[in-house]
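Enquirer: So that you have it, the file is upload03.cif, and it contains mmCIF, C-alpha atoms:
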```cif
data_model
#
loop_
_atom_site.label_atom_id
_atom_site.label_comp_id
_atom_site.auth_asym_id
_atom_site.auth_seq_id
_atom_site.Cartn_x
_atom_site.Cartn_y
_atom_site.Cartn_z
CA MET A 1 20.91 30.25 -31.48
CA ARG A 2 21.96 28.26 -34.56
CA ARG A 3 23.08 25.35 -32.40
CA ALA A 4 19.88 25.50 -30.38
CA MET A 5 17.65 25.34 -33.44
CA LYS A 6 19.77 22.65 -35.04
CA GLY A 7 19.66 20.73 -31.80
CA CYS A 8 15.90 21.21 -31.68
CA ALA A 9 15.50 19.42 -34.98
CA GLY A 10 17.83 16.65 -33.82
CA GLY A 11 15.92 16.35 -30.59
CA LEU A 12 12.64 16.05 -32.47
CA ARG A 13 13.95 13.12 -34.47
CA MET A 14 15.05 11.44 -31.27
CA ARG A 15 11.77 11.86 -29.41
CA GLY A 16 9.32 10.24 -31.81
CA SER A 17 5.99 10.87 -33.42
CA VAL A 18 4.64 13.55 -31.06
CA TYR A 19 7.57 15.84 -31.81
CA GLY A 20 7.51 14.82 -35.45
CA SER A 21 3.94 16.07 -35.66
CA ALA A 22 4.96 19.25 -33.86
CA LEU A 23 7.77 19.78 -36.34
CA ALA A 24 5.29 19.39 -39.19
CA LEU A 25 3.14 22.06 -37.56
CA LEU A 26 6.19 24.30 -37.37
CA VAL A 27 6.94 23.81 -41.05
CA MET A 28 3.34 24.59 -42.04
CA ALA A 29 3.26 27.55 -39.70
CA GLY A 30 6.52 28.79 -41.16
CA SER A 31 4.98 28.68 -44.64
CA VAL A 32 1.98 30.69 -43.51
CA THR A 33 4.26 33.11 -41.69
CA ALA A 34 6.31 33.64 -44.84
CA VAL A 35 3.17 34.72 -46.72
CA THR A 36 1.96 37.07 -43.99
CA ALA A 37 5.37 38.25 -42.80
CA ALA A 38 5.05 41.86 -44.00
CA PRO A 39 1.76 42.73 -42.21
CA ARG A 40 2.93 41.04 -38.97
CA ALA A 41 6.27 42.81 -39.04
CA ALA A 42 4.51 46.14 -39.40
CA ARG A 43 2.42 45.64 -36.27
CA PRO A 44 3.90 46.84 -32.97
CA GLN A 45 4.98 43.99 -30.71
CA ALA A 46 2.62 45.20 -27.97
CA GLU A 47 -0.38 44.49 -30.24
CA ARG A 48 0.42 40.77 -30.36
CA PRO A 49 -0.88 39.36 -27.06
CA VAL A 50 1.04 36.33 -25.87
CA ALA A 51 -2.16 34.55 -24.82
CA ALA A 52 -3.58 34.64 -28.37
CA ALA A 53 -0.92 32.38 -29.88
CA GLY A 54 -1.56 28.75 -30.82
CA PRO A 55 0.98 26.04 -29.89
CA GLU A 56 2.95 26.27 -33.12
CA GLN A 57 2.91 30.07 -33.13
CA THR A 58 4.13 30.09 -29.54
CA VAL A 59 7.30 28.31 -30.60
CA LEU A 60 7.84 30.57 -33.60
CA ASP A 61 7.35 33.64 -31.45
CA ALA A 62 9.76 32.24 -28.87
CA ARG A 63 12.36 31.70 -31.57
CA ASP A 64 11.92 35.30 -32.68
CA ALA A 65 12.20 36.54 -29.09
CA LEU A 66 15.41 34.55 -28.66
CA ARG A 67 16.89 36.16 -31.75
CA ARG A 68 15.98 39.55 -30.34
CA LYS A 69 17.23 38.54 -26.85
CA ASP A 70 13.87 39.71 -25.48
CA ALA A 71 14.03 38.14 -22.03
CA THR A 72 10.63 39.39 -20.87
CA ARG A 73 8.77 37.99 -23.86
CA LEU A 74 10.71 34.70 -23.72
CA ALA A 75 9.68 34.23 -20.09
CA ALA A 76 6.03 34.85 -20.95
CA LEU A 77 6.14 32.48 -23.92
CA SER A 78 7.82 29.80 -21.84
CA ALA A 79 5.01 29.98 -19.30
CA LEU A 80 2.44 29.89 -22.11
CA ALA A 81 4.04 26.85 -23.75
CA ALA A 82 3.91 25.01 -20.43
CA ALA A 83 0.25 25.96 -19.91
CA GLN A 84 -0.62 24.78 -23.42
CA GLY A 85 1.02 21.40 -22.87
CA ASN A 86 3.04 22.30 -25.95
CA PRO A 87 5.11 19.33 -27.19
CA LEU A 88 8.01 21.76 -27.69
CA ALA A 89 7.66 23.41 -24.29
CA MET A 90 11.03 22.03 -23.24
CA TRP A 91 12.71 23.92 -26.08
CA VAL A 92 10.98 27.20 -25.30
CA GLU A 93 12.02 26.83 -21.67
CA TYR A 94 15.57 25.95 -22.77
CA TRP A 95 15.80 29.06 -24.92
CA GLU A 96 14.51 31.22 -22.08
CA LEU A 97 17.02 29.82 -19.58
CA GLN A 98 19.93 29.74 -22.01
CA ASN A 99 19.28 33.38 -22.95
CA ARG A 100 19.94 34.44 -19.34
CA ILE A 101 22.36 31.70 -18.34
CA ALA A 102 24.95 34.16 -17.03
CA SER A 103 22.54 35.14 -14.23
CA ALA A 104 20.84 31.75 -13.75
CA THR A 105 21.16 30.13 -10.33
CA PRO A 106 22.29 26.55 -9.72
CA ALA A 107 18.82 25.83 -8.36
CA GLU A 108 17.21 26.95 -11.64
CA ALA A 109 19.66 24.87 -13.66
CA GLN A 110 19.02 21.75 -11.62
CA ALA A 111 15.26 22.29 -11.73
CA PHE A 112 15.36 22.40 -15.54
CA ILE A 113 17.49 19.25 -15.68
CA ALA A 114 15.10 17.48 -13.31
CA ARG A 115 12.04 18.45 -15.40
CA TRP A 116 13.39 16.93 -18.62
CA PRO A 117 15.44 13.88 -17.57
CA GLY A 118 16.88 11.68 -20.31
CA THR A 119 16.03 14.08 -23.14
CA TYR A 120 18.35 15.60 -25.70
CA VAL A 121 17.49 19.11 -24.53
CA GLU A 122 18.44 18.21 -20.95
CA ASP A 123 21.97 17.23 -22.01
CA ARG A 124 22.21 20.15 -24.43
CA PHE A 125 21.50 22.49 -21.52
CA ARG A 126 23.99 20.57 -19.36
CA ASN A 127 26.64 21.42 -21.95
CA ASP A 128 25.77 25.14 -21.65
CA TRP A 129 25.64 24.96 -17.88
CA LEU A 130 29.05 23.27 -17.63
CA LEU A 131 30.54 26.07 -19.74
CA GLU A 132 28.91 28.65 -17.49
CA LEU A 133 30.18 26.92 -14.34
CA GLY A 134 33.66 26.95 -15.83
CA ARG A 135 33.44 30.66 -16.64
CA ARG A 136 32.35 31.26 -13.06
CA ARG A 137 35.37 29.17 -11.90
CA ASP A 138 32.99 26.88 -10.02
CA LEU A 139 35.19 23.87 -10.63
CA ALA A 140 33.50 21.89 -7.87
CA GLY A 141 30.24 22.33 -9.77
CA VAL A 142 31.95 21.20 -12.99
CA ALA A 143 33.33 18.10 -11.26
CA ALA A 144 29.88 17.22 -9.92
CA GLU A 145 27.98 17.70 -13.21
CA PHE A 146 30.50 16.50 -15.80
CA PRO A 147 30.05 12.73 -15.19
CA ARG A 148 26.39 13.15 -16.24
CA PHE A 149 27.29 14.86 -19.53
CA ARG A 150 26.24 12.11 -21.93
CA MET A 151 27.24 13.68 -25.25
CA ASN A 152 30.68 14.73 -24.00
CA ASP A 153 31.36 16.48 -27.32
CA ASP A 154 32.70 19.85 -26.24
CA ARG A 155 36.49 20.35 -26.03
CA GLU A 156 36.18 23.37 -23.77
CA VAL A 157 34.03 21.45 -21.30
CA THR A 158 36.62 18.66 -21.36
CA CYS A 159 39.30 21.21 -20.45
CA TYR A 160 37.19 22.58 -17.58
CA ALA A 161 36.62 19.03 -16.32
CA ALA A 162 40.35 18.27 -16.48
CA ALA A 163 41.06 21.51 -14.60
CA ALA A 164 38.55 20.43 -11.94
CA ALA A 165 40.26 17.05 -11.39
CA PRO A 166 43.15 16.83 -8.90
CA LEU A 167 46.50 16.36 -10.65
CA THR A 168 47.62 13.75 -8.14
CA THR A 169 48.13 10.73 -10.39
CA LYS A 170 49.94 10.08 -13.65
CA GLU A 171 46.62 9.13 -15.26
CA ALA A 172 45.04 12.45 -14.25
CA LYS A 173 48.05 14.40 -15.52
CA ASP A 174 48.11 12.51 -18.82
CA ALA A 175 44.38 13.08 -19.32
CA ALA A 176 44.76 16.80 -18.59
CA VAL A 177 47.68 17.20 -21.00
CA ALA A 178 45.76 15.29 -23.70
CA ALA A 179 42.76 17.60 -23.24
CA TRP A 180 44.99 20.67 -23.50
CA LEU A 181 46.76 19.38 -26.61
CA ALA A 182 43.42 18.58 -28.27
CA GLN A 183 42.40 22.27 -28.19
CA ARG A 184 41.63 23.63 -31.64
CA GLU A 185 40.22 27.10 -31.07
CA ALA A 186 41.19 29.59 -28.38
CA ASP A 187 38.81 29.30 -25.45
CA ASP A 188 38.66 30.03 -21.74
CA GLY A 189 38.53 26.42 -20.57
CA CYS A 190 41.71 25.25 -22.27
CA ALA A 191 43.50 28.51 -21.37
CA LEU A 192 42.66 27.85 -17.71
CA LEU A 193 43.82 24.24 -17.95
CA GLY A 194 47.05 25.23 -19.71
CA GLN A 195 47.85 27.76 -16.99
CA MET A 196 47.21 25.18 -14.27
CA LEU A 197 49.41 22.59 -16.01
CA PHE A 198 52.18 25.15 -16.52
CA ASP A 199 52.02 26.40 -12.93
CA ALA A 200 52.14 22.81 -11.66
CA LYS A 201 55.14 22.13 -13.95
CA VAL A 202 53.26 19.29 -15.63
CA VAL A 203 54.14 21.01 -18.92
CA GLY A 204 57.16 23.23 -19.49
CA PRO A 205 58.32 25.86 -21.97
CA ALA A 206 59.30 23.23 -24.56
CA ASP A 207 55.76 21.80 -24.49
CA VAL A 208 54.30 25.28 -24.85
CA TRP A 209 56.45 26.01 -27.91
CA VAL A 210 55.36 22.74 -29.55
CA ARG A 211 51.76 23.79 -29.00
CA VAL A 212 52.40 27.27 -30.39
CA ARG A 213 54.17 25.89 -33.48
CA ASN A 214 51.44 23.41 -34.31
CA ALA A 215 48.68 26.00 -33.83
CA THR A 216 50.53 28.43 -36.10
CA GLU A 217 51.07 25.72 -38.71
CA THR A 218 47.33 25.02 -38.91
CA ASN A 219 46.45 28.75 -38.96
CA LYS A 220 44.94 28.73 -35.46
CA LEU A 221 46.56 32.05 -34.68
CA ARG A 222 44.37 33.00 -31.69
CA THR A 223 45.23 29.66 -30.12
CA ALA A 224 48.94 30.23 -30.80
CA LYS A 225 48.82 33.66 -29.16
CA GLN A 226 46.78 32.41 -26.22
CA THR A 227 49.22 29.55 -25.61
CA ALA A 228 52.28 31.80 -25.91
CA ALA A 229 50.89 33.93 -23.08
CA LEU A 230 51.89 31.11 -20.71
CA LEU A 231 55.51 32.20 -21.27
CA GLY A 232 54.88 35.80 -20.26
CA PRO A 233 53.67 39.03 -21.86
CA ALA A 234 56.95 39.79 -23.66
CA VAL A 235 56.99 36.41 -25.40
CA ALA A 236 53.29 36.70 -26.20
CA ALA A 237 53.85 40.10 -27.83
CA ASN A 238 56.76 38.77 -29.91
CA VAL A 239 54.74 35.76 -31.04
CA ALA A 240 51.81 37.97 -32.02
CA GLU A 241 54.09 40.15 -34.14
CA ALA A 242 55.76 37.11 -35.71
CA VAL A 243 52.51 35.53 -36.86
CA ASP A 244 50.85 38.78 -37.92
CA HIS A 245 53.84 40.36 -39.70
CA PRO A 246 56.26 37.54 -40.59
CA ALA A 247 58.17 39.27 -43.40
CA ARG A 248 58.78 42.36 -41.27
CA VAL A 249 60.01 40.32 -38.33
CA LEU A 250 62.40 38.29 -40.50
CA ALA A 251 63.77 41.45 -42.10
CA ARG A 252 64.23 43.45 -38.89
CA LYS A 253 64.07 41.28 -35.82
CA GLY A 254 64.86 37.72 -36.86
CA SER A 255 67.27 36.29 -34.33
CA THR A 256 68.62 33.10 -32.81
CA ALA A 257 70.20 34.78 -29.79
CA SER A 258 68.04 32.72 -27.44
CA ARG A 259 65.75 29.72 -27.73
CA ALA A 260 62.70 31.99 -27.48
CA ALA A 261 64.07 34.24 -30.23
CA ALA A 262 64.77 31.25 -32.46
CA GLU A 263 61.26 29.87 -31.87
CA THR A 264 59.76 33.24 -32.77
CA THR A 265 61.85 33.40 -35.95
CA LEU A 266 60.60 29.92 -36.84
CA LEU A 267 56.99 31.07 -36.44
CA SER A 268 57.63 33.87 -38.92
CA LEU A 269 59.03 31.34 -41.42
CA VAL A 270 56.00 29.09 -40.91
CA ARG A 271 53.62 31.97 -41.58
CA LEU A 272 55.64 33.18 -44.56
CA ALA A 273 55.57 29.66 -46.05
CA ALA A 274 51.76 29.75 -45.95
CA THR A 275 51.56 32.96 -47.99
CA ASP A 276 54.79 33.08 -50.00
CA GLY A 277 56.45 29.69 -50.16
CA ASP A 278 59.18 30.71 -52.60
CA THR A 279 60.34 33.56 -50.39
CA ALA A 280 60.33 31.25 -47.37
CA VAL A 281 62.55 28.80 -49.26
CA ASP A 282 64.91 31.63 -50.21
CA GLN A 283 65.07 32.78 -46.58
CA LEU A 284 65.81 29.26 -45.38
CA THR A 285 68.42 28.55 -48.02
CA SER A 286 70.26 31.83 -47.68
CA ARG A 287 70.26 32.20 -43.90
CA TRP A 288 67.99 30.39 -41.52
CA ASP A 289 68.74 26.77 -42.44
CA LYS A 290 72.16 27.14 -40.82
CA ALA A 291 71.32 29.84 -38.29
CA LEU A 292 68.40 28.10 -36.59
CA PRO A 293 68.91 25.23 -34.15
CA PRO A 294 68.74 22.00 -36.20
CA ASP A 295 65.38 20.87 -34.84
CA LEU A 296 63.78 24.23 -35.67
CA ALA A 297 65.38 24.29 -39.12
CA ALA A 298 63.91 20.81 -39.65
CA TYR A 299 60.47 22.06 -38.63
CA ALA A 300 60.78 25.03 -40.99
CA TRP A 301 61.62 22.78 -43.94
CA ALA A 302 58.75 20.45 -43.04
CA SER A 303 56.39 23.43 -42.96
CA VAL A 304 57.59 24.54 -46.39
CA GLY A 305 57.15 20.95 -47.59
CA ARG A 306 53.58 20.85 -46.30
CA GLN A 307 52.66 24.02 -48.17
CA SER A 308 54.23 22.64 -51.36
CA ALA A 309 52.35 19.37 -50.90
CA LEU A 310 49.09 21.26 -50.49
CA LYS A 311 49.76 22.90 -53.85
CA LEU A 312 50.77 19.54 -55.41
CA ARG A 313 54.23 20.89 -56.16
CA ALA A 314 56.88 18.35 -57.16
CA GLU A 315 59.52 19.76 -54.80
CA ALA A 316 57.58 18.85 -51.63
CA PRO A 317 59.36 15.48 -51.01
CA ASP A 318 62.78 17.13 -51.45
CA GLN A 319 61.86 19.80 -48.93
CA TYR A 320 60.86 17.10 -46.45
CA ASP A 321 64.25 15.51 -47.20
CA ARG A 322 65.88 18.80 -46.22
CA ALA A 323 64.00 18.57 -42.93
CA GLU A 324 65.45 15.11 -42.31
CA ARG A 325 68.97 16.31 -43.12
CA ALA A 326 68.62 19.27 -40.77
CA GLU A 327 67.39 16.98 -37.99
CA GLY A 328 70.38 14.70 -38.54
CA ARG A 329 72.98 17.39 -37.86
CA ARG A 330 75.38 16.98 -35.00
CA GLY A 331 73.91 18.03 -31.67
CA ALA A 332 70.34 18.18 -32.94
CA ARG A 333 67.58 17.53 -30.44
CA GLY A 334 64.62 15.50 -31.67
CA VAL A 335 62.24 17.52 -33.80
CA VAL A 336 58.56 17.28 -32.87
CA LEU A 337 56.43 17.28 -36.02
CA SER A 338 52.65 17.27 -35.74
CA ASP A 339 50.56 14.47 -37.22
CA ASP A 340 49.37 16.97 -39.81
CA LEU A 341 52.91 17.74 -41.01
CA LEU A 342 53.71 14.05 -41.11
CA ALA A 343 50.52 13.23 -43.01
CA TRP A 344 51.46 15.69 -45.74
CA LYS A 345 54.96 14.25 -45.80
CA ALA A 346 53.48 10.83 -46.51
CA ARG A 347 51.12 12.19 -49.18
CA ALA A 348 53.93 14.09 -50.89
CA ALA A 349 56.07 10.94 -50.91
CA LEU A 350 53.25 8.87 -52.39
CA ARG A 351 52.87 11.34 -55.28
CA ALA A 352 56.61 11.71 -55.85
CA ASP A 353 58.61 10.82 -58.95
CA GLY A 354 55.73 10.51 -61.36
CA GLY A 355 53.71 8.22 -59.14
CA LYS A 356 56.55 5.81 -58.31
CA ALA A 357 56.44 6.91 -54.65
CA ARG A 358 59.26 7.23 -52.15
CA TRP A 359 58.39 4.33 -49.91
CA GLN A 360 61.13 4.93 -47.36
CA GLN A 361 59.83 8.44 -46.79
CA VAL A 362 56.26 7.13 -46.49
CA MET A 363 57.39 4.66 -43.84
CA GLN A 364 59.36 7.33 -41.93
CA ALA A 365 56.38 9.69 -41.90
CA ILE A 366 53.86 7.14 -40.67
CA THR A 367 56.20 5.64 -38.08
CA ALA A 368 56.77 9.11 -36.60
CA MET A 369 53.03 9.74 -36.12
CA THR A 370 51.39 9.40 -32.74
CA PRO A 371 50.22 5.84 -31.94
CA ALA A 372 46.57 6.88 -32.26
CA GLU A 373 47.10 8.43 -35.70
CA GLN A 374 49.00 5.37 -36.91
CA GLN A 375 45.88 3.30 -36.27
CA ASP A 376 43.91 5.28 -38.83
CA PRO A 377 42.95 2.79 -41.59
CA GLN A 378 44.57 4.86 -44.34
CA TRP A 379 47.94 4.86 -42.58
CA LEU A 380 47.71 1.18 -41.68
CA TYR A 381 47.20 0.50 -45.37
CA TRP A 382 50.01 2.73 -46.63
CA LYS A 383 52.43 1.53 -43.98
CA ALA A 384 51.77 -2.01 -45.14
CA ARG A 385 52.30 -1.00 -48.77
CA ALA A 386 55.52 0.79 -47.84
CA ALA A 387 56.80 -2.22 -45.90
CA GLY A 388 56.15 -4.46 -48.86
CA ALA A 389 57.83 -2.09 -51.32
CA ILE A 390 60.88 -1.62 -49.09
CA ALA A 391 61.24 -5.36 -48.54
CA GLY A 392 61.16 -5.78 -52.32
CA GLY A 393 59.75 -8.67 -54.27
CA SER A 394 57.13 -9.77 -51.76
CA GLY A 395 53.47 -9.76 -52.78
CA ASP A 396 51.01 -7.65 -50.94
CA GLY A 397 49.34 -10.74 -49.48
CA ASP A 398 52.59 -12.15 -48.07
CA MET A 399 53.60 -8.77 -46.75
CA LEU A 400 50.28 -8.15 -45.01
CA ARG A 401 50.37 -11.58 -43.39
CA THR A 402 53.86 -10.81 -42.09
CA LEU A 403 52.73 -7.50 -40.61
CA ARG A 404 49.87 -9.19 -38.74
CA GLN A 405 52.24 -11.61 -36.99
#
```
Just give me the structure as structure tokens.

Expert:
Amino acid sequence: MRRAMKGCAGGLRMRGSVYGSALALLVMAGSVTAVTAAPRAARPQAERPVAAAGPEQTVLDARDALRRKDATRLAALSALAAAQGNPLAMWVEYWELQNRIASATPAEAQAFIARWPGTYVEDRFRNDWLLELGRRRDLAGVAAEFPRFRMNDDREVTCYAAAAAPLTTKEAKDAAVAAWLAQREADDGCALLGQMLFDAKVVGPADVWVRVRNATETNKLRTAKQTAALLGPAVAANVAEAVDHPARVLARKGSTASRAAAETTLLSLVRLAATDGDTAVDQLTSRWDKALPPDLAAYAWASVGRQSALKLRAEAPDQYDRAERAEGRRGARGVVLSDDLLAWKARAALRADGGKARWQQVMQAITAMTPAEQQDPQWLYWKARAAGAIAGGSGDGDMLRTLRQ
């Protein structure tokens, strides 16, 4: 409802003076309603005939019916708004259809889209309809409608669309993996896509663990648990316990007997670092720095460093140094740090040593970021500054000209 009303205001701004006037009517009507709210609230709903409402009151009543999920009244108000030639009739109709979208037919959806072509509300409804098609597992319907989704601003819809596309080319596989990795909150569309990618062996267990780690690091615990389910119910249960009760797991069940066990132990350390950084450091120093595989020990130190950097603690750069030393141990596989971990590494290095900065660490952090993140203006700037400082003696102007060549 909140998105619909917010979108309504946005749509009014887009559609010009007629809707602007209608919005003014709504504001004035809202003021009058505020004054008379008590008497109206006391009257039974049956005593307020739908036909008696003016255009502005029709919309306000429709909004109230939507909040109450009163499908019968919404349908009547939608018909009334159309009969009135109400400038906001499209929104009343949208609310009515969106309220019962789970039972709406494709014919009803397409009829609505055809009635309001090129409008904001048409594409707003298309967003809702694509989500509903995905929930129904009508991937053919998603594939047909998605190219017409102009706003294209919904990650879950993007996942449904990627799931609907055949994974027959490298480009299609890369696009699907990118959509899955871009997931922020747990949702059905990206869960479906992740399962399809895993079943097709486009992503493997190592990719899943990277996703679980990064979601845990950023406190997206539902996403971490949802992603871990790709590895089976036993792993999912262990991950859930690790992120919900990290201290207990480290005390009783922490293990490196298998890769999955070591990954789960790492998740407990990551969660502990977020709530009790000093204890996490003690745990790492006394046991897990040597017990964990080097790449996971490096991730744990980076996670501790991030939490210290968030708190502006002076030890953050040294903790990131510990991550680098762990990664450099014999037999270590490459550690995969998220852009977020690397960004905090760079920030900690820039604040280090009383503002003198650790330029080598800044350069290492930015160079390890994904190509897209490295193009962010702030990192382009600090990479240039780091290059100049490392080179020594060159002015910023000379250094920047060199980097452009």

Enquirer: Can I get the residues of range 115-203 of chain A within 9 Å of range 68-92 of chain A, each with the closest pair of atoms and their distance in Å to one decimal, using only C-alpha atoms, sorted chain first then ascending number, as CSV?

Expert:
```
residue,atom,partner,partner_atom,distance
A:Arg115,CA,A:Met90,CA,8.7
A:Trp116,CA,A:Met90,CA,7.3
A:Val121,CA,A:Trp91,CA,7.0
A:Glu122,CA,A:Met90,CA,8.6
```

Enquirer: Taking the file as shown, what set of residues would the PyMOL selection byres ((chain A and resi 192) around 12) give back, as a PDB file with C-alpha atoms, keeping the file's coordinate frame?

Expert:
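Below is the file expr-v5.pdb, written as the result:
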```pdb
ATOM      1  CA  GLY A 134      33.660  26.950 -15.830  1.00  0.00           C
ATOM      2  CA  ARG A 135      33.440  30.660 -16.640  1.00  0.00           C
ATOM      3  CA  ARG A 136      32.350  31.260 -13.060  1.00  0.00           C
ATOM      4  CA  ARG A 137      35.370  29.170 -11.900  1.00  0.00           C
ATOM      5  CA  LEU A 139      35.190  23.870 -10.630  1.00  0.00           C
ATOM      6  CA  GLU A 156      36.180  23.370 -23.770  1.00  0.00           C
ATOM      7  CA  VAL A 157      34.030  21.450 -21.300  1.00  0.00           C
ATOM      8  CA  THR A 158      36.620  18.660 -21.360  1.00  0.00           C
ATOM      9  CA  CYS A 159      39.300  21.210 -20.450  1.00  0.00           C
ATOM     10  CA  TYR A 160      37.190  22.580 -17.580  1.00  0.00           C
ATOM     11  CA  ALA A 161      36.620  19.030 -16.320  1.00  0.00           C
ATOM     12  CA  ALA A 162      40.350  18.270 -16.480  1.00  0.00           C
ATOM     13  CA  ALA A 163      41.060  21.510 -14.600  1.00  0.00           C
ATOM     14  CA  ALA A 164      38.550  20.430 -11.940  1.00  0.00           C
ATOM     15  CA  ALA A 176      44.760  16.800 -18.590  1.00  0.00           C
ATOM     16  CA  ALA A 179      42.760  17.600 -23.240  1.00  0.00           C
ATOM     17  CA  TRP A 180      44.990  20.670 -23.500  1.00  0.00           C
ATOM     18  CA  GLN A 183      42.400  22.270 -28.190  1.00  0.00           C
ATOM     19  CA  ALA A 186      41.190  29.590 -28.380  1.00  0.00           C
ATOM     20  CA  ASP A 187      38.810  29.300 -25.450  1.00  0.00           C
ATOM     21  CA  ASP A 188      38.660  30.030 -21.740  1.00  0.00           C
ATOM     22  CA  GLY A 189      38.530  26.420 -20.570  1.00  0.00           C
ATOM     23  CA  CYS A 190      41.710  25.250 -22.270  1.00  0.00           C
ATOM     24  CA  ALA A 191      43.500  28.510 -21.370  1.00  0.00           C
ATOM     25  CA  LEU A 193      43.820  24.240 -17.950  1.00  0.00           C
ATOM     26  CA  GLY A 194      47.050  25.230 -19.710  1.00  0.00           C
ATOM     27  CA  GLN A 195      47.850  27.760 -16.990  1.00  0.00           C
ATOM     28  CA  MET A 196      47.210  25.180 -14.270  1.00  0.00           C
ATOM     29  CA  LEU A 197      49.410  22.590 -16.010  1.00  0.00           C
ATOM     30  CA  PHE A 198      52.180  25.150 -16.520  1.00  0.00           C
ATOM     31  CA  ASP A 199      52.020  26.400 -12.930  1.00  0.00           C
ATOM     32  CA  GLN A 226      46.780  32.410 -26.220  1.00  0.00           C
ATOM     33  CA  THR A 227      49.220  29.550 -25.610  1.00  0.00           C
ATOM     34  CA  ALA A 229      50.890  33.930 -23.080  1.00  0.00           C
ATOM     35  CA  LEU A 230      51.890  31.110 -20.710  1.00  0.00           C
TER      36      LEU A 230
END
```

Enquirer: If we count only C-alpha atoms and set the cut-off at 8 Å, which residues sit around Gln307 in chain A, ignoring sequence neighbours fewer than 5 positions away in its own chain? Please answer as number ranges by chain.

Expert: A: 273-274, 277, 316

Enquirer: Store the residues picked out above, limited to C-alpha atoms, as a short mmCIF file (atom, residue, chain, number, x, y, z; two decimals), in the frame of the given file.

Expert:
```
data_model
loop_
_atom_site.label_atom_id
_atom_site.label_comp_id
_atom_site.auth_asym_id
_atom_site.auth_seq_id
_atom_site.Cartn_x
_atom_site.Cartn_y
_atom_site.Cartn_z
CA ALA A 273 55.57 29.66 -46.05
CA ALA A 274 51.76 29.75 -45.95
CA GLY A 277 56.45 29.69 -50.16
CA ALA A 316 57.58 18.85 -51.63
#
```

Enquirer: With the PyMOL selection byres ((chain A and resi 296) around 9) as the selection, what would be picked from this file? Answer as a PyMOL selection string, please.

Expert: chain A and resi 262-263+266+289+292-295+297-301+326-327+335

Enquirer: Skipping near chain neighbours, those fewer than 5 positions away, what residues fall within 9 Å of range 233-236 of chain A using only C-alpha atoms, listed as a list of chain:residue names?

Expert: A:Lys225, A:Gln226, A:Thr227, A:Ala228, A:Glu241, A:Ala260, A:Ala261, A:Thr264
